[in-house]
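**Q** Just structure09.txt, nothing more (compact mmCIF, C-alpha atoms):
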# COMPACT_ATOMS: atom_id res chain seq x y z
CA SER A 1 -56.87 72.74 -25.14
CA LEU A 2 -59.01 72.19 -28.24
CA GLU A 3 -62.71 72.25 -29.02
CA VAL A 4 -63.83 68.86 -30.35
CA PHE A 5 -67.43 68.15 -31.39
CA GLY A 6 -68.55 71.34 -29.65
CA GLN A 7 -66.86 70.39 -26.36
CA SER A 8 -64.01 72.60 -25.14
CA GLY A 9 -61.14 71.61 -22.88
CA TYR A 10 -60.19 68.43 -24.76
CA LEU A 11 -56.43 67.78 -24.67
CA ILE A 12 -54.64 65.98 -27.50
CA PRO A 13 -50.97 66.45 -26.54
CA TRP A 14 -49.56 64.33 -29.39
CA LEU A 15 -50.86 66.85 -31.92
CA VAL A 16 -48.60 69.55 -30.48
CA ASP A 17 -45.93 67.68 -28.53
CA ARG A 18 -43.02 66.44 -30.65
CA ASP A 19 -41.97 63.91 -28.00
CA TYR A 20 -45.29 62.11 -28.34
CA ALA A 21 -44.99 62.09 -32.13
CA ARG A 22 -41.42 60.79 -31.95
CA SER A 23 -42.43 58.05 -29.51
CA PHE A 24 -45.31 56.99 -31.75
CA PHE A 25 -43.03 56.80 -34.79
CA LYS A 26 -40.44 54.71 -32.96
CA GLY A 27 -43.07 52.37 -31.52
CA ASN A 28 -44.59 51.80 -34.97
CA LEU A 29 -41.40 51.88 -37.02
CA PRO A 30 -42.18 48.66 -38.94
CA ARG A 31 -45.40 50.24 -40.20
CA PHE A 32 -43.39 53.02 -41.85
CA ASN A 33 -40.27 51.32 -43.20
CA GLY A 34 -41.46 47.77 -44.03
CA ASN A 35 -39.08 46.29 -41.45
CA ALA A 36 -38.16 42.72 -42.44
CA GLN A 37 -37.91 41.62 -38.80
CA GLN A 38 -41.46 42.80 -38.10
CA ARG A 39 -42.73 40.96 -41.15
CA LEU A 40 -41.11 37.81 -39.76
CA ILE A 41 -42.74 38.40 -36.37
CA ASP A 42 -46.14 38.88 -37.97
CA SER A 43 -45.77 35.62 -39.86
CA GLU A 44 -44.41 33.57 -36.93
CA TYR A 45 -47.62 33.57 -34.91
CA ARG A 46 -49.57 32.61 -38.03
CA ASN A 47 -47.22 29.69 -38.64
CA TYR A 48 -49.20 26.78 -37.21
CA ASP A 49 -50.11 23.22 -38.11
CA LEU A 50 -52.76 20.81 -36.93
CA ASP A 51 -53.95 17.25 -37.39
CA GLU A 52 -57.63 16.40 -36.97
CA THR A 53 -59.23 12.98 -37.36
CA LEU A 54 -62.99 12.73 -37.88
CA LEU A 55 -64.84 9.40 -37.62
CA GLY A 56 -68.59 9.04 -38.11
CA THR A 57 -71.43 6.61 -38.63
CA PHE A 58 -75.16 7.05 -39.32
CA LEU A 59 -78.57 5.36 -39.63
CA SER A 60 -81.52 6.63 -41.72
CA TRP A 61 -85.17 5.70 -42.39
CA ASP A 62 -87.90 6.89 -44.82
CA GLY A 63 -91.61 6.13 -44.79
CA HIS A 64 -94.81 7.09 -46.68
CA PHE A 65 -98.29 7.10 -45.12
CA GLY A 66 -100.76 8.45 -47.66
CA SER A 67 -100.09 12.17 -48.09
CA LEU A 68 -97.60 12.11 -45.20
CA GLN A 69 -93.90 11.53 -45.79
CA LEU A 70 -91.51 10.95 -42.88
CA SER A 71 -87.72 10.85 -42.72
CA ALA A 72 -85.54 10.18 -39.68
CA GLY A 73 -81.87 9.62 -39.01
CA LEU A 74 -79.13 9.52 -36.39
CA ARG A 75 -75.43 10.28 -36.89
CA TYR A 76 -72.46 10.05 -34.51
CA GLU A 77 -69.18 11.88 -35.04
CA HIS A 78 -65.93 11.81 -33.06
CA THR A 79 -63.15 14.36 -33.58
CA ALA A 80 -59.59 14.20 -32.22
CA GLY A 81 -56.98 16.87 -32.95
CA THR A 82 -53.42 17.94 -32.20
CA TYR A 83 -52.58 21.64 -32.61
CA ASN A 84 -49.14 23.30 -32.81
CA GLY A 85 -48.40 27.03 -32.72
CA ASN A 86 -45.95 29.72 -31.59
CA ASN A 87 -45.80 32.21 -28.73
CA VAL A 88 -44.10 35.41 -29.93
CA TYR A 89 -42.98 38.14 -27.50
CA LEU A 90 -40.22 40.66 -26.83
CA GLY A 91 -37.64 39.19 -24.44
CA ASP A 92 -35.64 40.82 -21.66
CA ASP A 93 -32.76 41.69 -24.01
CA ASN A 94 -35.13 43.51 -26.39
CA VAL A 95 -34.91 40.53 -28.75
CA TRP A 96 -37.99 38.87 -30.22
CA VAL A 97 -38.50 35.32 -28.95
CA THR A 98 -40.50 32.55 -30.61
CA GLU A 99 -41.47 29.53 -28.52
CA GLY A 100 -43.27 26.52 -29.96
CA THR A 101 -46.30 25.19 -28.13
CA SER A 102 -48.72 22.29 -28.59
CA ASP A 103 -52.12 21.16 -27.33
CA THR A 104 -54.73 18.46 -27.98
CA ASN A 105 -58.52 18.23 -27.94
CA SER A 106 -61.19 15.58 -28.63
CA TYR A 107 -64.98 15.36 -28.52
CA GLY A 108 -67.95 13.32 -29.80
CA HIS A 109 -71.59 14.19 -30.53
CA LEU A 110 -74.88 12.63 -31.63
CA PHE A 111 -76.93 14.31 -34.38
CA PRO A 112 -80.62 13.29 -34.66
CA TYR A 113 -82.80 14.25 -37.62
CA LEU A 114 -86.58 14.18 -38.20
CA LYS A 115 -88.59 15.60 -41.11
CA ALA A 116 -92.31 15.47 -41.98
CA ASP A 117 -94.05 16.70 -45.15
CA VAL A 118 -97.78 16.61 -45.75
CA LEU A 119 -99.69 17.52 -48.91
CA ILE A 120 -102.56 19.82 -47.91
CA ILE A 121 -104.09 20.36 -51.35
CA GLU A 122 -102.76 19.97 -54.85
CA ASN A 123 -99.49 21.93 -55.26
CA LEU A 124 -99.51 23.13 -51.61
CA SER A 125 -97.59 21.32 -48.89
CA PHE A 126 -96.53 21.94 -45.30
CA GLY A 127 -93.25 20.76 -43.84
CA ALA A 128 -91.60 20.68 -40.43
CA SER A 129 -88.20 19.40 -39.44
CA TYR A 130 -85.79 19.10 -36.52
CA ASN A 131 -82.07 18.47 -36.73
CA ARG A 132 -78.89 19.07 -34.79
CA GLY A 133 -75.93 20.67 -36.53
CA ILE A 134 -72.29 21.39 -35.78
CA LYS A 135 -69.82 24.09 -36.76
CA ARG A 136 -66.22 23.43 -35.84
CA PRO A 137 -63.90 26.31 -34.87
CA ASP A 138 -61.75 28.00 -37.48
CA PHE A 139 -58.32 26.36 -37.52
CA PHE A 140 -56.59 29.67 -36.79
CA TYR A 141 -58.68 30.13 -33.64
CA LEU A 142 -57.57 26.68 -32.42
CA ALA A 143 -53.84 27.29 -32.89
CA PRO A 144 -52.16 27.67 -29.47
CA PHE A 145 -50.40 30.93 -30.40
CA SER A 146 -49.93 34.34 -28.84
CA ILE A 147 -48.40 37.57 -30.13
CA ARG A 148 -47.64 40.33 -27.62
CA ASN A 149 -46.30 43.66 -28.86
CA GLU A 150 -46.45 46.52 -26.35
CA ASP A 151 -45.07 49.05 -28.84
CA SER A 152 -47.90 48.62 -31.32
CA GLY A 153 -50.59 47.80 -28.73
CA PHE A 154 -51.12 44.37 -30.28
CA PHE A 155 -51.96 41.27 -28.21
CA VAL A 156 -53.80 38.30 -29.75
CA VAL A 157 -54.11 34.76 -28.37
CA GLY A 158 -55.50 31.53 -29.81
CA ASN A 159 -57.63 29.05 -27.92
CA PRO A 160 -57.05 25.31 -28.59
CA THR A 161 -59.71 24.37 -26.01
CA LEU A 162 -62.55 25.87 -28.08
CA LYS A 163 -65.55 23.58 -28.40
CA PRO A 164 -67.55 23.32 -31.63
CA GLU A 165 -70.78 25.26 -31.93
CA LEU A 166 -73.92 23.09 -31.76
CA THR A 167 -77.39 24.03 -33.00
CA ASP A 168 -80.78 22.44 -32.40
CA ASN A 169 -82.89 23.60 -35.33
CA ILE A 170 -86.64 23.67 -35.94
CA ASN A 171 -87.96 24.72 -39.36
CA VAL A 172 -91.58 25.06 -40.47
CA GLY A 173 -93.00 26.37 -43.72
CA PHE A 174 -95.32 26.15 -46.70
CA ARG A 175 -94.33 25.39 -50.27
CA TRP A 176 -96.54 26.19 -53.25
CA ALA A 177 -95.52 24.80 -56.66
CA PRO A 178 -98.18 25.40 -59.32
CA ALA A 179 -95.80 24.33 -62.10
CA SER A 180 -92.64 22.27 -62.38
CA ALA A 181 -90.47 25.37 -62.84
CA THR A 182 -92.30 27.70 -60.43
CA TYR A 183 -92.42 27.64 -56.64
CA LEU A 184 -92.90 29.87 -53.61
CA ARG A 185 -91.65 28.95 -50.17
CA MET A 186 -92.30 30.82 -46.92
CA GLY A 187 -91.50 29.78 -43.38
CA GLY A 188 -89.81 30.43 -40.10
CA PHE A 189 -87.00 28.94 -38.10
CA TYR A 190 -85.92 28.73 -34.49
CA SER A 191 -82.55 27.49 -33.29
CA ILE A 192 -80.80 27.11 -29.97
CA LEU A 193 -77.07 27.71 -30.33
CA SER A 194 -74.75 26.35 -27.65
CA ASN A 195 -71.00 26.87 -27.25
CA ALA A 196 -71.19 29.97 -29.46
CA ILE A 197 -67.71 31.15 -30.47
CA THR A 198 -67.35 34.90 -30.05
CA GLU A 199 -64.49 37.31 -30.56
CA THR A 200 -63.71 39.17 -27.35
CA ILE A 201 -61.76 42.25 -26.35
CA GLN A 202 -60.41 42.07 -22.80
CA ILE A 203 -58.18 44.54 -20.99
CA PRO A 204 -56.05 42.68 -18.40
CA ASP A 205 -53.41 45.36 -18.98
CA PRO A 206 -54.78 48.95 -19.31
CA ASN A 207 -52.25 49.68 -22.06
CA LEU A 208 -52.64 46.45 -24.03
CA PRO A 209 -56.12 45.18 -25.01
CA GLN A 210 -56.23 41.43 -25.59
CA LEU A 211 -58.11 40.00 -28.56
CA GLY A 212 -59.17 36.35 -28.50
CA TRP A 213 -61.99 33.82 -28.89
CA LYS A 214 -64.12 31.97 -26.35
CA ASN A 215 -67.21 29.77 -26.05
CA SER A 216 -70.27 31.43 -24.58
CA SER A 217 -71.53 29.77 -21.40
CA ASN A 218 -75.14 30.63 -22.27
CA ASP A 219 -77.40 29.12 -24.89
CA ILE A 220 -78.41 31.59 -27.61
CA SER A 221 -81.81 31.74 -29.29
CA ILE A 222 -81.74 32.42 -33.04
CA TYR A 223 -84.95 32.97 -34.96
CA GLY A 224 -86.18 34.47 -38.16
CA PHE A 225 -88.29 34.42 -41.27
CA GLU A 226 -87.28 33.33 -44.75
CA SER A 227 -88.90 33.29 -48.15
CA GLU A 228 -87.83 32.05 -51.57
CA VAL A 229 -89.31 32.26 -55.04
CA GLY A 230 -88.24 30.57 -58.26
CA HIS A 231 -89.62 30.86 -61.76
CA ARG A 232 -88.67 29.66 -65.24
CA PHE A 233 -89.96 31.85 -68.11
CA SER A 234 -90.65 28.86 -70.34
CA TYR A 235 -93.64 30.57 -71.97
CA LEU A 236 -91.53 33.33 -73.58
CA PRO A 237 -90.75 33.04 -77.30
CA GLY A 238 -87.44 31.83 -78.76
CA ILE A 239 -84.33 31.73 -76.64
CA LEU A 240 -86.02 33.87 -73.97
CA ASN A 241 -87.72 30.76 -72.60
CA GLY A 242 -84.34 29.80 -71.16
CA LEU A 243 -84.50 32.65 -68.62
CA GLY A 244 -84.97 31.85 -64.94
CA LEU A 245 -85.17 33.81 -61.70
CA ASN A 246 -84.49 32.77 -58.12
CA ALA A 247 -84.60 35.07 -55.08
CA ASN A 248 -84.51 34.47 -51.35
CA TYR A 249 -84.64 36.81 -48.37
CA SER A 250 -84.15 36.16 -44.68
CA TRP A 251 -84.65 38.27 -41.59
CA ASN A 252 -82.55 37.11 -38.66
CA GLY A 253 -82.83 37.85 -34.96
CA SER A 254 -81.21 36.50 -31.81
CA ALA A 255 -80.97 36.85 -28.04
CA TYR A 256 -77.31 36.76 -27.00
CA LYS A 257 -76.47 37.52 -23.38
CA ASP A 258 -73.39 39.72 -23.18
CA GLU A 259 -71.65 39.73 -19.81
CA ALA A 260 -71.62 43.53 -19.65
CA ARG A 261 -74.88 44.50 -21.34
CA GLY A 262 -77.40 41.68 -21.16
CA ASN A 263 -79.35 40.59 -24.27
CA VAL A 264 -77.91 41.84 -27.56
CA ARG A 265 -77.70 40.54 -31.13
CA LEU A 266 -75.30 37.63 -31.65
CA PRO A 267 -71.88 38.90 -32.83
CA GLY A 268 -71.47 38.47 -36.56
CA GLN A 269 -75.20 38.01 -37.24
CA ARG A 270 -76.57 40.12 -40.09
CA GLU A 271 -80.20 41.13 -39.74
CA HIS A 272 -81.04 41.21 -43.46
CA VAL A 273 -79.69 38.92 -46.20
CA LEU A 274 -80.91 39.00 -49.80
CA ASN A 275 -79.79 36.73 -52.65
CA THR A 276 -81.01 36.93 -56.24
CA THR A 277 -79.94 34.92 -59.29
CA VAL A 278 -80.84 35.37 -62.94
CA SER A 279 -80.06 32.30 -65.03
CA PHE A 280 -80.11 31.51 -68.73
CA GLU A 281 -80.04 28.06 -70.31
CA TRP A 282 -79.99 27.33 -74.04
CA GLY A 283 -78.82 24.05 -75.50
CA ARG A 284 -75.34 23.34 -74.20
CA PHE A 285 -74.96 26.76 -72.60
CA LEU A 286 -75.77 27.65 -68.98
CA GLY A 287 -75.02 30.99 -67.36
CA ASN A 288 -76.11 32.90 -64.29
CA MET A 289 -75.51 36.18 -62.50
CA SER A 290 -75.95 36.44 -58.73
CA TYR A 291 -76.33 39.42 -56.41
CA GLN A 292 -76.05 39.28 -52.62
CA TYR A 293 -76.72 41.97 -50.03
CA SER A 294 -75.93 41.61 -46.33
CA SER A 295 -76.60 44.28 -43.73
CA GLY A 296 -73.95 45.42 -41.26
CA ALA A 297 -73.09 43.53 -38.08
CA THR A 298 -71.30 43.82 -34.76
CA ILE A 299 -68.37 41.43 -34.91
CA ALA A 300 -66.86 41.84 -31.42
CA PHE A 301 -68.13 43.33 -28.17
CA ALA A 302 -65.89 45.49 -26.00
CA GLN A 303 -65.96 44.45 -22.35
CA GLU A 304 -65.36 47.86 -20.78
CA LEU A 305 -66.57 51.44 -21.25
CA THR A 306 -64.21 53.93 -22.92
CA THR A 307 -64.24 57.73 -23.01
CA ILE A 308 -64.13 59.19 -26.54
CA PRO A 309 -64.17 62.84 -27.70
CA SER A 310 -67.43 62.65 -29.68
CA GLU A 311 -69.54 61.52 -26.71
CA GLN A 312 -70.11 63.08 -23.31
CA GLN A 313 -70.54 59.69 -21.62
CA PRO A 314 -68.28 56.60 -21.86
CA VAL A 315 -69.30 54.09 -24.53
CA TYR A 316 -68.50 50.52 -25.54
CA LEU A 317 -66.13 50.58 -28.52
CA ASP A 318 -67.53 47.47 -30.21
CA LEU A 319 -66.01 46.34 -33.48
CA LYS A 320 -68.60 46.64 -36.26
CA GLU A 321 -68.64 46.01 -40.00
CA THR A 322 -70.58 47.89 -42.64
CA ASP A 323 -73.07 46.22 -44.96
CA PHE A 324 -71.77 44.82 -48.25
CA THR A 325 -72.86 43.61 -51.68
CA ILE A 326 -71.42 40.94 -53.96
CA LEU A 327 -72.05 40.50 -57.68
CA SER A 328 -70.77 37.33 -59.35
CA ALA A 329 -71.27 35.46 -62.61
CA SER A 330 -70.63 31.98 -63.98
CA VAL A 331 -70.75 30.32 -67.38
CA ARG A 332 -70.84 26.63 -68.37
CA PHE A 333 -70.69 25.24 -71.92
CA ARG A 334 -70.86 21.49 -72.57
CA ILE A 335 -68.30 20.79 -75.29
CA SER A 336 -69.07 17.07 -75.39
CA SER A 337 -70.45 14.37 -73.13
CA ASN A 338 -67.14 14.36 -71.23
CA PHE A 339 -65.79 17.91 -71.50
CA THR A 340 -67.24 21.17 -70.15
CA PHE A 341 -65.83 24.67 -70.43
CA TRP A 342 -66.40 26.80 -67.32
CA ALA A 343 -65.69 30.38 -66.21
CA ASP A 344 -66.43 32.16 -62.91
CA ALA A 345 -66.07 35.82 -61.93
CA TRP A 346 -66.41 37.45 -58.49
CA ASN A 347 -66.50 41.01 -57.14
CA LEU A 348 -67.91 42.58 -60.28
CA LEU A 349 -68.93 45.60 -58.16
CA ASN A 350 -66.04 47.57 -56.69
CA GLN A 351 -66.78 48.06 -53.02
CA THR A 352 -65.40 49.30 -49.72
CA ARG A 353 -65.93 47.34 -46.51
CA THR A 354 -65.09 49.10 -43.26
CA ILE A 355 -64.56 47.75 -39.76
CA TYR A 356 -65.11 50.51 -37.25
CA GLN A 357 -65.80 51.33 -33.60
CA HIS A 358 -68.92 53.22 -32.54
CA SER A 359 -69.08 55.40 -35.68
CA ASN A 360 -68.10 54.55 -39.25
CA ASP A 361 -67.38 58.22 -40.03
CA LEU A 362 -65.38 59.03 -36.89
CA TYR A 363 -63.61 55.83 -35.82
CA PRO A 364 -62.79 53.53 -38.75
CA ALA A 365 -60.40 50.75 -37.72
CA ASN A 366 -59.83 48.90 -40.99
CA ILE A 367 -60.88 49.99 -44.48
CA ARG A 368 -60.66 47.38 -47.22
CA LYS A 369 -61.24 48.37 -50.82
CA ASN A 370 -61.94 45.62 -53.32
CA ASN A 371 -61.23 47.03 -56.78
CA GLY A 372 -61.20 44.90 -59.89
CA PHE A 373 -62.53 41.34 -59.97
CA THR A 374 -61.43 37.73 -59.72
CA PHE A 375 -61.75 35.54 -62.81
CA ARG A 376 -61.16 31.80 -63.17
CA THR A 377 -61.68 29.55 -66.15
CA GLY A 378 -60.92 26.03 -67.23
CA VAL A 379 -62.11 22.83 -68.85
CA GLY A 380 -63.65 20.04 -66.78
CA PHE A 381 -63.57 16.35 -67.61
CA GLN A 382 -66.16 13.86 -66.41
CA PHE A 383 -65.80 10.08 -66.80
Before we go any further, please render this structure as structure tokens.
**A**
Amino acid sequence: SLEVFGQSGYLIPWLVDRDYARSFFKGNLPRFNGNAQQRLIDSEYRNYDLDETLLGTFLSWDGHFGSLQLSAGLRYEHTAGTYNGNNVYLGDDNVWVTEGTSDTNSYGHLFPYLKADVLIIENLSFGASYNRGIKRPDFFYLAPFSIRNEDSGFFVVGNPTLKPELTDNINVGFRWAPASATYLRMGGFYSILSNAITETIQIPDPNLPQLGWKNSSNDISIYGFESEVGHRFSYLPGILNGLGLNANYSWNGSAYKDEARGNVRLPGQREHVLNTTVSFEWGRFLGNMSYQYSSGATIAFAQELTTIPSEQQPVYLDLKETDFTILSASVRFRISSNFTFWADAWNLLNQTRTIYQHSNDLYPANIRKNNGFTFRTGVGFQF
């Protein structure tokens, strides 16, 4: 036995038993030799196609009553889709089998909208709004696929019956604009999210955890605070008066009811998000540099307790992601009334994003390093 994290009597037979090591190597052979057949298997379950038709219609109205401005609207959307995918598994003759599968889905929803703005005093206004929104599932989640690999402990299934997420949103806030290029906005929001799509880890087979997606049966409350400030330094001398600054921050909370643990934060929700942009405009030239920070998040909840060497009691091995930052830049130069040169760059800060379970230091599951940057440029034409 070994002593791990101060606890004696912990057995790790595969560190000393060659049979375990040999079995692990054989079961994960494609990971070591770049097996062409395994690459084909990995691509087969991602080989899907779909056809979605979206039809919609809407009505809108605007009205002014002194210092009060009202807007209202109603939209209807209908979606119908056909989804095709592949089931991939190891057959009885130890030969990989791919079976095509297909499914359909359709739904329709109404989306009301109401907004009111009132001018309290000069340059200071208060606004409140209600609207219903929709977020359709990722196409990959909808594909009716499955991949089952006992050797590598890999079992993932799609869900073509997923419903879209719906939100009923209420926003309130104040806006102060003492000058045309300066403003400050502060407010709060409250949303009720229904049909939330969450990534789940289930264990129907003790040796083969199943990863998939489902709609939550409970409504989820999402709330928070947000602020934004913008300013143009038009009073500075020379070309410096083309400088501008925009920054916004949001704090986000939620009450998501997990089947195993009660109220927790909604999977994928990041508590803190900060965006800042510095812009510069001079004649035909426009450029900006943007920085974004997002705090870490839990991206999938484990459904059962697991014993691990670093803890005396069983824990939930949730999948979590570390916080991350993004620095990007863009440039626009108007060559003429019809032509514009543009250039965009992303990931100007090399960074490492880690998906882990329980502890980033002890149980990393996927480490992704983004070195270098992405650069695109071109010339745009406008009629």
**Q** Taking 5 positions as the minimum chain separation for residues in the same chain, which residues sit within 12 Å of Lys135 of chain A when counting only C-alpha atoms? Answer as a PyMOL selection string.
**A** chain A and resi 109+162-168+193-197
**Q** Using atom CA of Gly158 of chain A and atom CA of Pro209 of chain A as the two end points, give the distance in Å to one decimal.
**A** 14.5 Å
**Q** Of the candidates A:Asn248, A:Thr198, A:Ser102, A:Asn169, which shows the shortest atom-to-atom distance to Gly133 of chain A, using all atoms listed in the file?
**A**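 Of all the options, A:Asn169 lies closest to Gly133 of chain A.
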**Q** Using all atoms listed in the file, which of the listed residues (A:Tyr107, A:Phe324, A:Phe280, A:Phe383) sits closest to Tyr293 of chain A?
**A**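 Counting all atoms listed in the file, the residue closest to Tyr293 of chain A is A:Phe324.
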**Q** Set the distance at 7 Å and use only C-alpha atoms: which residues neighbour Ile222 of chain A once local chain neighbours fewer than 4 positions away are removed? I'd like the list as a list in words.
**A**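 My reading of the contact set: Tyr190, Ser191, Ile192, Gly253, Ser254 and Ala255 of chain A.
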**Q** Show me the residues around (-75.9, 5.9, -31.2) - criterion: an atom at most 10 Å away, only C-alpha atoms counted - as a ChimeraX atom specification.
**A** /A:57-59,74-77,109-112
